[in-house]
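Raw query-v1.tsv, TSV, C-alpha atoms:
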```tsv
chain	number	residue	atom	x	y	z
F	133	MET	CA	8.75	-16.95	17.73
F	134	ASN	CA	6.63	-18.47	15.01
F	135	LEU	CA	7.32	-16.74	11.69
F	136	VAL	CA	4.78	-17.84	9.10
F	137	LEU	CA	6.14	-15.40	6.50
F	138	THR	CA	9.23	-13.20	6.36
F	139	ARG	CA	8.96	-10.82	3.45
F	140	ILE	CA	10.74	-7.90	1.84
F	141	ASP	CA	8.21	-5.45	0.48
F	142	ASN	CA	8.97	-1.76	0.14
F	143	ARG	CA	5.26	-1.03	0.57
F	144	LEU	CA	5.25	-2.92	3.89
F	145	ILE	CA	1.58	-3.35	4.90
F	146	HIS	CA	-0.62	-2.76	1.84
F	147	GLY	CA	-3.45	-4.32	-0.15
F	148	GLN	CA	-1.64	-7.44	-1.37
F	149	VAL	CA	-0.36	-8.23	2.10
F	150	LEU	CA	-3.68	-7.69	3.88
F	151	GLU	CA	-5.99	-9.25	1.31
F	152	THR	CA	-3.93	-12.24	0.19
F	153	TRP	CA	-0.93	-13.08	2.37
F	154	VAL	CA	-2.62	-12.69	5.76
F	155	PRO	CA	-5.35	-15.26	4.98
F	156	PHE	CA	-2.93	-17.47	3.00
F	157	VAL	CA	-0.46	-17.94	5.85
F	158	LYS	CA	-3.17	-17.51	8.53
F	159	ALA	CA	-1.18	-14.80	10.24
F	160	ASP	CA	-2.61	-13.22	13.39
F	161	CYS	CA	0.26	-10.80	13.97
F	162	ILE	CA	2.25	-8.50	11.69
F	163	VAL	CA	5.61	-7.09	12.68
F	164	VAL	CA	6.84	-4.19	10.55
F	165	ALA	CA	10.57	-3.69	11.03
F	166	ASN	CA	11.19	-0.27	9.53
F	167	ASP	CA	13.00	2.69	11.05
F	168	ALA	CA	11.27	5.30	8.87
F	169	ILE	CA	7.70	4.21	9.61
F	170	ALA	CA	8.51	3.73	13.30
F	171	GLY	CA	9.45	7.42	13.39
F	172	ASN	CA	6.47	8.74	11.41
F	173	GLN	CA	3.38	9.03	13.59
F	174	LEU	CA	0.80	9.51	10.79
F	175	LYS	CA	2.07	6.63	8.67
F	176	LYS	CA	2.34	4.41	11.71
F	177	MET	CA	-1.23	5.16	12.79
F	178	MET	CA	-2.60	4.63	9.29
F	179	MET	CA	-0.78	1.35	8.95
F	180	GLN	CA	-2.08	0.16	12.29
F	181	ALA	CA	-5.62	1.23	11.41
F	182	SER	CA	-5.53	-0.65	8.11
F	183	VAL	CA	-5.09	-4.02	9.81
F	184	PRO	CA	-8.20	-5.92	11.01
F	185	SER	CA	-8.65	-5.36	14.74
F	186	ARG	CA	-8.44	-9.08	15.52
F	187	MET	CA	-4.77	-8.96	14.52
F	188	ARG	CA	-1.82	-7.77	16.53
F	189	VAL	CA	0.39	-5.17	14.82
F	190	GLU	CA	3.84	-4.17	15.99
F	191	ILE	CA	5.61	-1.40	14.11
F	192	GLY	CA	9.12	-0.63	15.25
F	193	THR	CA	12.70	0.01	14.24
F	194	VAL	CA	14.63	-2.99	12.96
F	195	VAL	CA	16.52	-3.19	16.26
F	196	ASP	CA	13.35	-2.99	18.39
F	197	SER	CA	11.53	-5.48	16.18
F	198	VAL	CA	14.33	-8.03	16.46
F	199	ALA	CA	14.30	-7.62	20.25
F	200	LEU	CA	10.53	-8.14	20.31
F	201	LEU	CA	10.74	-11.23	18.11
F	202	LYS	CA	13.53	-12.71	20.23
F	203	SER	CA	11.54	-12.18	23.41
F	204	SER	CA	8.77	-14.62	24.23
F	205	GLN	CA	6.01	-12.03	23.76
F	206	LEU	CA	4.93	-13.21	20.33
F	207	ASP	CA	5.45	-16.93	20.91
F	208	LYS	CA	1.75	-17.69	20.67
F	209	CYS	CA	1.27	-15.68	17.48
F	210	ARG	CA	1.49	-16.68	13.85
F	211	THR	CA	3.71	-13.78	12.88
F	212	MET	CA	4.32	-12.17	9.52
F	213	LEU	CA	7.52	-10.13	9.49
F	214	LEU	CA	7.92	-7.34	6.93
F	215	PHE	CA	11.12	-5.58	5.90
F	216	GLY	CA	11.29	-2.69	3.46
F	217	THR	CA	14.71	-3.52	2.01
F	218	PRO	CA	17.24	-6.36	1.79
F	219	ALA	CA	19.55	-4.15	3.88
F	220	ASP	CA	17.06	-4.28	6.77
F	221	ALA	CA	16.77	-8.06	6.40
F	222	VAL	CA	20.56	-8.23	6.73
F	223	ARG	CA	20.53	-5.92	9.77
F	224	ALA	CA	17.98	-8.20	11.44
F	225	TYR	CA	20.05	-11.27	10.60
F	226	ARG	CA	23.19	-9.66	12.02
F	227	ALA	CA	21.25	-8.64	15.14
F	228	GLY	CA	20.69	-12.34	15.73
F	229	LEU	CA	17.25	-12.92	14.29
F	230	GLU	CA	16.94	-16.46	13.02
F	231	TYR	CA	14.77	-16.95	9.99
F	232	LYS	CA	14.96	-19.67	7.39
F	233	GLN	CA	12.94	-18.31	4.52
F	234	LEU	CA	12.65	-14.94	2.87
F	235	ASN	CA	9.92	-13.97	0.44
F	236	LEU	CA	10.56	-11.19	-2.07
F	237	GLY	CA	7.47	-9.12	-2.86
F	238	ASN	CA	7.94	-5.57	-4.08
F	239	LEU	CA	11.33	-3.94	-4.44
F	240	HIS	CA	12.08	-0.87	-6.50
F	241	ALA	CA	15.64	0.34	-6.15
F	242	ASP	CA	16.17	3.88	-7.45
F	243	LYS	CA	19.08	2.92	-9.65
F	244	TRP	CA	18.21	-0.68	-10.26
F	245	GLN	CA	20.58	-2.98	-12.07
F	246	ALA	CA	18.67	-6.23	-12.25
F	247	GLN	CA	14.99	-6.94	-12.71
F	248	LEU	CA	13.94	-10.35	-11.38
F	249	SER	CA	10.20	-10.01	-11.99
F	250	CYS	CA	7.65	-7.32	-12.76
F	251	THR	CA	7.80	-6.20	-9.12
F	252	LEU	CA	11.46	-6.78	-8.24
F	253	PHE	CA	14.05	-4.22	-9.28
F	254	LEU	CA	17.34	-4.59	-7.44
F	255	ASP	CA	20.51	-2.55	-7.26
F	256	THR	CA	23.99	-3.92	-6.59
F	257	THR	CA	23.63	-3.43	-2.82
F	258	ASP	CA	20.36	-5.40	-2.83
F	259	LEU	CA	22.01	-8.21	-4.78
F	260	ALA	CA	24.97	-8.32	-2.38
F	261	ASP	CA	22.64	-8.34	0.63
F	262	LEU	CA	20.56	-11.20	-0.76
F	263	GLU	CA	23.74	-13.08	-1.63
F	264	LEU	CA	24.88	-12.76	1.99
F	265	LEU	CA	21.56	-14.08	3.30
F	266	ASP	CA	21.52	-16.87	0.73
F	267	ARG	CA	24.97	-17.99	1.85
F	268	ALA	CA	23.74	-17.96	5.43
F	269	GLY	CA	21.32	-20.69	4.40
F	270	ILE	CA	18.18	-18.61	4.10
F	271	LYS	CA	15.89	-19.82	1.33
F	272	ILE	CA	15.04	-16.76	-0.77
F	273	THR	CA	12.13	-16.90	-3.16
F	274	SER	CA	10.20	-14.51	-5.35
F	275	ARG	CA	6.43	-14.52	-4.95
F	276	CYS	CA	4.53	-11.25	-5.03
F	277	ILE	CA	1.12	-12.68	-4.14
F	278	PRO	CA	0.14	-16.27	-3.26
F	279	ALA	CA	-1.38	-16.72	-6.74
F	280	ASP	CA	2.09	-16.28	-8.27
F	281	GLY	CA	4.39	-19.27	-8.50
F	282	GLU	CA	7.16	-19.44	-5.92
F	283	ARG	CA	10.57	-19.31	-7.55
F	284	SER	CA	14.05	-19.39	-6.10
F	285	TRP	CA	15.68	-16.02	-6.68
F	286	ARG	CA	18.74	-17.83	-8.06
F	287	LYS	CA	16.70	-19.44	-10.80
F	288	LEU	CA	15.27	-16.18	-12.02
F	289	ILE	CA	17.13	-14.80	-14.98
F	290	PRO	CA	17.67	-11.15	-14.25
F	291	VAL	CA	17.11	-8.55	-16.92
F	292	VAL	CA	20.19	-6.41	-16.46
F	293	LYS	CA	19.93	-2.74	-17.16
F	294	GLY	CA	22.43	-1.37	-19.62
F	295	ARG	CA	22.58	2.09	-18.11
F	296	ASN	CA	22.87	3.67	-14.64
O	72	MET	CA	-13.39	24.93	-7.45
O	73	ILE	CA	-12.15	22.04	-5.32
O	74	GLY	CA	-10.08	19.63	-7.40
O	75	ILE	CA	-10.71	15.89	-7.23
O	76	VAL	CA	-8.23	13.06	-7.79
O	77	VAL	CA	-9.21	9.39	-7.88
O	78	VAL	CA	-6.28	7.12	-6.99
O	79	THR	CA	-6.65	3.34	-7.26
O	80	HIS	CA	-5.06	0.01	-8.00
O	81	ALA	CA	-4.92	-0.74	-11.72
O	82	GLY	CA	-7.27	1.12	-14.10
O	83	LEU	CA	-10.18	1.45	-11.69
O	84	ALA	CA	-9.68	5.21	-11.23
O	85	ARG	CA	-9.79	5.90	-14.95
O	86	GLU	CA	-12.87	3.72	-15.43
O	87	LEU	CA	-14.70	5.20	-12.43
O	88	LEU	CA	-14.24	8.65	-13.92
O	89	HIS	CA	-15.24	7.29	-17.31
O	90	ALA	CA	-18.47	5.97	-15.77
O	91	ALA	CA	-19.12	9.23	-13.90
O	92	GLU	CA	-18.66	11.25	-17.09
O	93	LEU	CA	-20.97	8.89	-18.93
O	94	ILE	CA	-23.62	10.03	-16.46
O	95	LEU	CA	-22.64	13.66	-15.89
O	96	GLY	CA	-20.90	14.60	-19.11
O	97	PRO	CA	-17.38	16.04	-19.21
O	98	THR	CA	-15.98	17.21	-15.86
O	99	GLN	CA	-13.38	19.79	-14.93
O	100	LEU	CA	-10.55	19.59	-12.42
O	101	VAL	CA	-10.96	15.85	-11.90
O	102	GLY	CA	-7.88	13.70	-12.36
O	103	THR	CA	-7.02	10.03	-11.99
O	104	VAL	CA	-3.93	8.06	-11.01
O	105	SER	CA	-3.82	4.34	-11.70
O	106	ILE	CA	-1.18	2.42	-9.79
O	107	ASP	CA	-0.11	-0.70	-11.59
O	108	ARG	CA	1.70	-3.69	-10.24
O	109	GLY	CA	5.12	-2.88	-11.58
O	110	MET	CA	5.04	0.82	-10.72
O	111	SER	CA	7.46	1.99	-8.05
O	112	VAL	CA	6.17	3.96	-5.08
O	113	ASP	CA	8.35	6.92	-6.10
O	114	VAL	CA	6.96	7.02	-9.63
O	115	ALA	CA	3.41	6.77	-8.27
O	116	LYS	CA	4.05	9.65	-5.85
O	117	GLU	CA	5.43	11.79	-8.64
O	118	LYS	CA	2.38	11.12	-10.82
O	119	LEU	CA	0.06	11.94	-7.95
O	120	GLN	CA	2.00	15.13	-7.22
O	121	GLN	CA	1.52	16.27	-10.81
O	122	VAL	CA	-2.22	15.54	-10.85
O	123	VAL	CA	-2.81	17.16	-7.42
O	124	HIS	CA	-1.00	20.24	-8.68
O	125	ARG	CA	-3.05	20.34	-11.87
O	126	VAL	CA	-6.53	19.88	-10.35
O	127	GLY	CA	-5.65	22.17	-7.44
O	128	ALA	CA	-5.01	25.08	-9.79
O	129	ASP	CA	-7.92	27.11	-8.34
O	130	GLY	CA	-6.44	27.09	-4.84
O	131	ASP	CA	-9.66	25.79	-3.25
O	132	GLY	CA	-8.07	22.53	-2.16
O	133	VAL	CA	-7.93	18.98	-3.47
O	134	LEU	CA	-9.92	15.93	-2.41
O	135	ILE	CA	-8.21	12.60	-3.06
O	136	LEU	CA	-10.55	9.60	-3.36
O	137	THR	CA	-8.80	6.24	-2.97
O	138	ASP	CA	-10.01	2.67	-3.33
O	139	LEU	CA	-8.83	0.77	-0.27
O	140	PHE	CA	-7.70	1.95	3.15
O	141	GLY	CA	-4.37	0.27	3.82
O	142	GLY	CA	-3.61	-0.14	0.14
O	143	THR	CA	-0.74	1.53	-1.69
O	144	PRO	CA	-2.88	4.22	-3.38
O	145	THR	CA	-4.10	5.38	0.04
O	146	ASN	CA	-0.68	5.04	1.65
O	147	ILE	CA	0.88	7.20	-1.03
O	148	SER	CA	-1.94	9.74	-0.85
O	149	ALA	CA	-1.44	10.07	2.90
O	150	GLU	CA	1.82	11.87	2.25
O	151	PHE	CA	-0.16	14.71	0.69
O	152	LEU	CA	-2.64	15.02	3.58
O	153	CYS	CA	-2.82	18.60	4.78
O	154	PRO	CA	-6.04	19.83	6.46
O	155	ASP	CA	-7.87	22.48	4.38
O	156	VAL	CA	-5.50	21.90	1.47
O	157	VAL	CA	-5.56	18.18	0.66
O	158	GLU	CA	-8.10	15.75	2.14
O	159	ILE	CA	-8.38	11.99	1.58
O	160	LEU	CA	-11.34	9.62	1.57
O	161	ALA	CA	-10.71	5.90	1.21
O	162	GLY	CA	-13.33	3.52	-0.17
O	163	VAL	CA	-14.42	5.44	-3.27
O	164	ASN	CA	-17.54	4.27	-5.07
O	165	LEU	CA	-19.35	5.65	-8.08
O	166	PRO	CA	-22.12	7.42	-6.10
O	167	MET	CA	-19.44	9.11	-3.99
O	168	LEU	CA	-17.50	10.26	-7.03
O	169	ILE	CA	-20.60	11.60	-8.77
O	170	LYS	CA	-21.70	13.42	-5.59
O	171	SER	CA	-18.24	14.90	-5.11
O	172	ILE	CA	-18.37	16.51	-8.52
O	173	GLY	CA	-21.78	18.05	-7.87
O	174	ALA	CA	-21.35	19.01	-4.21
O	175	ARG	CA	-17.96	20.64	-4.37
O	176	SER	CA	-19.27	24.09	-5.30
O	177	ASN	CA	-21.41	24.34	-2.13
O	178	ASN	CA	-18.86	23.08	0.40
O	179	ASP	CA	-15.41	23.79	1.66
O	180	LEU	CA	-12.90	20.96	1.52
O	181	GLY	CA	-13.43	19.62	5.04
O	182	GLY	CA	-17.21	19.86	4.68
O	183	LEU	CA	-17.11	18.04	1.36
O	184	ALA	CA	-15.01	15.22	2.78
O	185	ALA	CA	-17.33	14.80	5.78
O	186	LEU	CA	-20.44	14.86	3.59
O	187	LEU	CA	-19.05	12.33	1.12
O	188	LYS	CA	-17.96	9.93	3.84
O	189	GLU	CA	-21.58	9.54	4.94
O	190	TYR	CA	-22.99	9.76	1.43
O	191	GLY	CA	-20.77	6.97	0.12
O	192	LYS	CA	-21.83	4.67	2.94
O	193	ASN	CA	-25.53	5.47	2.55
O	194	ALA	CA	-25.32	4.82	-1.17
O	195	ILE	CA	-24.81	1.12	-0.52
O	196	MET	CA	-28.26	-0.41	-0.94
O	197	ARG	CA	-29.66	-3.92	-0.76
O	198	PRO	CA	-32.81	-4.03	-2.89
O	199	ALA	CA	-34.11	-7.13	-1.11
O	200	GLU	CA	-34.36	-5.02	2.05
O	201	LEU	CA	-36.56	-2.54	0.22
O	202	LEU	CA	-38.89	-5.34	-0.80
O	203	GLY	CA	-39.21	-6.39	2.82
O	204	THR	CA	-38.02	-9.88	2.03
O	205	VAL	CA	-35.09	-9.52	4.39
O	206	LEU	CA	-35.75	-8.51	7.95
```

Would it be possible to restate this file's structure as structure tokens?
Amino acid sequence: MNLVLTRIDNRLIHGQVLETWVPFVKADCIVVANDAIAGNQLKKMMMQASVPSRMRVEIGTVVDSVALLKSSQLDKCRTMLLFGTPADAVRAYRAGLEYKQLNLGNLHADKWQAQLSCTLFLDTTDLADLELLDRAGIKITSRCIPADGERSWRKLIPVVKGRN
Amino acid sequence: MIGIVVVTHAGLARELLHAAELILGPTQLVGTVSIDRGMSVDVAKEKLQQVVHRVGADGDGVLILTDLFGGTPTNISAEFLCPDVVEILAGVNLPMLIKSIGARSNNDLGGLAALLKEYGKNAIMRPAELLGTVL
């Protein structure tokens, strides 16, 4: 397993990922670990079709994706792993996936409590999940696109919402 | 009349329609949705839902024109895809938008989408080729 980027992005594969991150990290494989997309044939097909044909795309449930990553099948690939939520990143971690870094891209919790950047809106569950991963030694940083500066999530001063 | 919605990253949709109206004059049943960086997917879907509903008032269907296949505007639009009711074309350009406004009265929704897919591609021209300087 050669993870060149592990990212939480609730849009999963989209313009920013394809046009900036793929060339930036020179990925040749994208793994989307998302139960909802794995079970939605149209979305899955559209997502697969949006990726350049020279790249490998694997869209599966979190459990299946972890199993794939732990097997030797992707060993020769430069793999980008995408989660939709911090909860899925925790599920993967608990399922035994070893990753050292976690990039935060787009996150919009319904009832968000803390805003870390113009694209990161977290609720209390998200914060607890990131805390757990942080304590496990995973380096968590905010960087929506490569042109943004990379900042440790701990050093970002959250704007806390007064209501909700 | 078939309704048309342009859905793009940032203000491109609004400006594309602005440019089309500069050429054609005011249009009817054409809407735009601009998806900005900080906008949540849910908010974007809600906005699109409202505009699709508004431009689809005639019941002749709605054609959604998006900027980039694989991008969020297209991904969100895909949730509305419903043959003969809502169609999507990704890769909108100004010729395609202008043609869609003119050609919608002579076509049904599927026919319009098929016609515009070819039209938009054929509208890409390289003048140097016309001059014969590029072989």

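Compared by their closest atoms to Ala168 in chain F, and using all atoms listed in the file, the residues F:Tyr225, F:Phe253, F:Tyr231, F:Phe215 rank with F:Phe215 nearest.
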
Quick one: everything within 12 Å of Pro154 in chain O, counting only C-alpha atoms, minus sequence neighbours fewer than 4 positions away in the same chain. Send it as a list in words. Asp131, Gly132, Val133, Leu134, Ala149, Glu150, Glu158, Ile159, Asp179, Leu180, Gly181, Gly182 and Ala184 of chain O

When you get a sec, could you note down which chain F residues fall within 9 Å of chain O, using all atoms listed in the file, as a short mmCIF file (atom, residue, chain, number, x, y, z; two decimals) with C-alpha atoms, in the coordinates of the input?
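This went into part.cif:
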```
data_model
loop_
_atom_site.label_atom_id
_atom_site.label_comp_id
_atom_site.auth_asym_id
_atom_site.auth_seq_id
_atom_site.Cartn_x
_atom_site.Cartn_y
_atom_site.Cartn_z
CA ASN F 142 8.97 -1.76 0.14
CA ARG F 143 5.26 -1.03 0.57
CA ILE F 145 1.58 -3.35 4.90
CA HIS F 146 -0.62 -2.76 1.84
CA GLY F 147 -3.45 -4.32 -0.15
CA GLN F 148 -1.64 -7.44 -1.37
CA VAL F 149 -0.36 -8.23 2.10
CA LEU F 150 -3.68 -7.69 3.88
CA LEU F 174 0.80 9.51 10.79
CA LYS F 175 2.07 6.63 8.67
CA MET F 178 -2.60 4.63 9.29
CA MET F 179 -0.78 1.35 8.95
CA GLN F 180 -2.08 0.16 12.29
CA ALA F 181 -5.62 1.23 11.41
CA SER F 182 -5.53 -0.65 8.11
CA VAL F 183 -5.09 -4.02 9.81
CA ASN F 238 7.94 -5.57 -4.08
CA LEU F 239 11.33 -3.94 -4.44
CA HIS F 240 12.08 -0.87 -6.50
CA ALA F 241 15.64 0.34 -6.15
CA ASP F 242 16.17 3.88 -7.45
CA SER F 249 10.20 -10.01 -11.99
CA CYS F 250 7.65 -7.32 -12.76
CA THR F 251 7.80 -6.20 -9.12
CA LEU F 252 11.46 -6.78 -8.24
#
```

Name the residues in contact with Ala221 in chain F at a cut-off of 10 Å, using all atoms listed in the file, excluding same-chain residues fewer than 2 positions from it; report them as a PyMOL selection string. chain F and resi 138-140+165+194+213-219+223-227+229+231+234+261-262+265

To one decimal in Å, tell me the separation between CA of Gly82 in chain O and CA of Lys192 in chain O. 22.7 Å

May I have the centre and edge lengths, in Å to one decimal, of an axis-aligned box around the listed atoms of range 204-222 of chain F with 6 Å added to every side, as lines of an AutoDock Vina configuration file?
```
center_x = 10.9
center_y = -10.2
center_z = 13.0
size_x = 31.3
size_y = 27.0
size_z = 34.4
```

For Leu83 in chain O, the closest of O:Asp155, O:Asp138, O:Glu189, O:Glu200 counting all atoms listed in the file is O:Asp138

Which protein, DNA or RNA residues are at most 7 Å from (1.2, -4.7, 13.8) in the file's coordinates when you count only C-alpha atoms, listed as a PDB file with C-alpha atoms, keeping the file's coordinate frame?
```
ATOM      1  CA  CYS F 161       0.260 -10.800  13.970  1.00  0.00           C
ATOM      2  CA  ILE F 162       2.250  -8.500  11.690  1.00  0.00           C
ATOM      3  CA  VAL F 163       5.610  -7.090  12.680  1.00  0.00           C
ATOM      4  CA  VAL F 164       6.840  -4.190  10.550  1.00  0.00           C
ATOM      5  CA  GLN F 180      -2.080   0.160  12.290  1.00  0.00           C
ATOM      6  CA  ARG F 188      -1.820  -7.770  16.530  1.00  0.00           C
ATOM      7  CA  VAL F 189       0.390  -5.170  14.820  1.00  0.00           C
ATOM      8  CA  GLU F 190       3.840  -4.170  15.990  1.00  0.00           C
ATOM      9  CA  ILE F 191       5.610  -1.400  14.110  1.00  0.00           C
TER      10      ILE F 191
END
```

Is it possible to get the residues within 9 Å of (-20.8, 10.4, -9.5) (coordinates as in the file, counting all atoms listed in the file) written as a list in words? Leu87, Leu88, Ala90, Ala91, Glu92, Ile94, Leu95, Asn164, Leu165, Pro166, Met167, Leu168, Ile169, Lys170, Ser171, Ile172 and Gly173 of chain O

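As for CA of Trp153 in chain F and CA of Met177 in chain F, they are spaced 21.0 Å apart.
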
Just the number, please: distance in Å from CA of Asp220 in chain F to CA of Arg186 in chain F, one decimal. 27.4 Å

Across F:Ala279, F:Ile272, F:Leu201, F:Val222, the smallest distance to Ala260 in chain F, with all atoms listed in the file counted, is shown by F:Val222

Give one line per residue of range 171-269 of chain F that approaches range 285-289 of chain F to at most 10 Å, naming the two atoms of the closest pair and their distance in Å to one decimal, counting only C-alpha atoms; sort by chain then ascending residue number and deliver it as JSON lines.
```
{"residue": "F:Asn235", "atom": "CA", "partner": "F:Trp285", "partner_atom": "CA", "distance": 9.4}
{"residue": "F:Leu236", "atom": "CA", "partner": "F:Trp285", "partner_atom": "CA", "distance": 8.4}
{"residue": "F:Ala246", "atom": "CA", "partner": "F:Ile289", "partner_atom": "CA", "distance": 9.1}
{"residue": "F:Gln247", "atom": "CA", "partner": "F:Ile289", "partner_atom": "CA", "distance": 8.5}
{"residue": "F:Leu248", "atom": "CA", "partner": "F:Leu288", "partner_atom": "CA", "distance": 6.0}
{"residue": "F:Ser249", "atom": "CA", "partner": "F:Leu288", "partner_atom": "CA", "distance": 8.0}
{"residue": "F:Leu262", "atom": "CA", "partner": "F:Trp285", "partner_atom": "CA", "distance": 9.1}
{"residue": "F:Glu263", "atom": "CA", "partner": "F:Arg286", "partner_atom": "CA", "distance": 9.4}
{"residue": "F:Asp266", "atom": "CA", "partner": "F:Arg286", "partner_atom": "CA", "distance": 9.3}
```
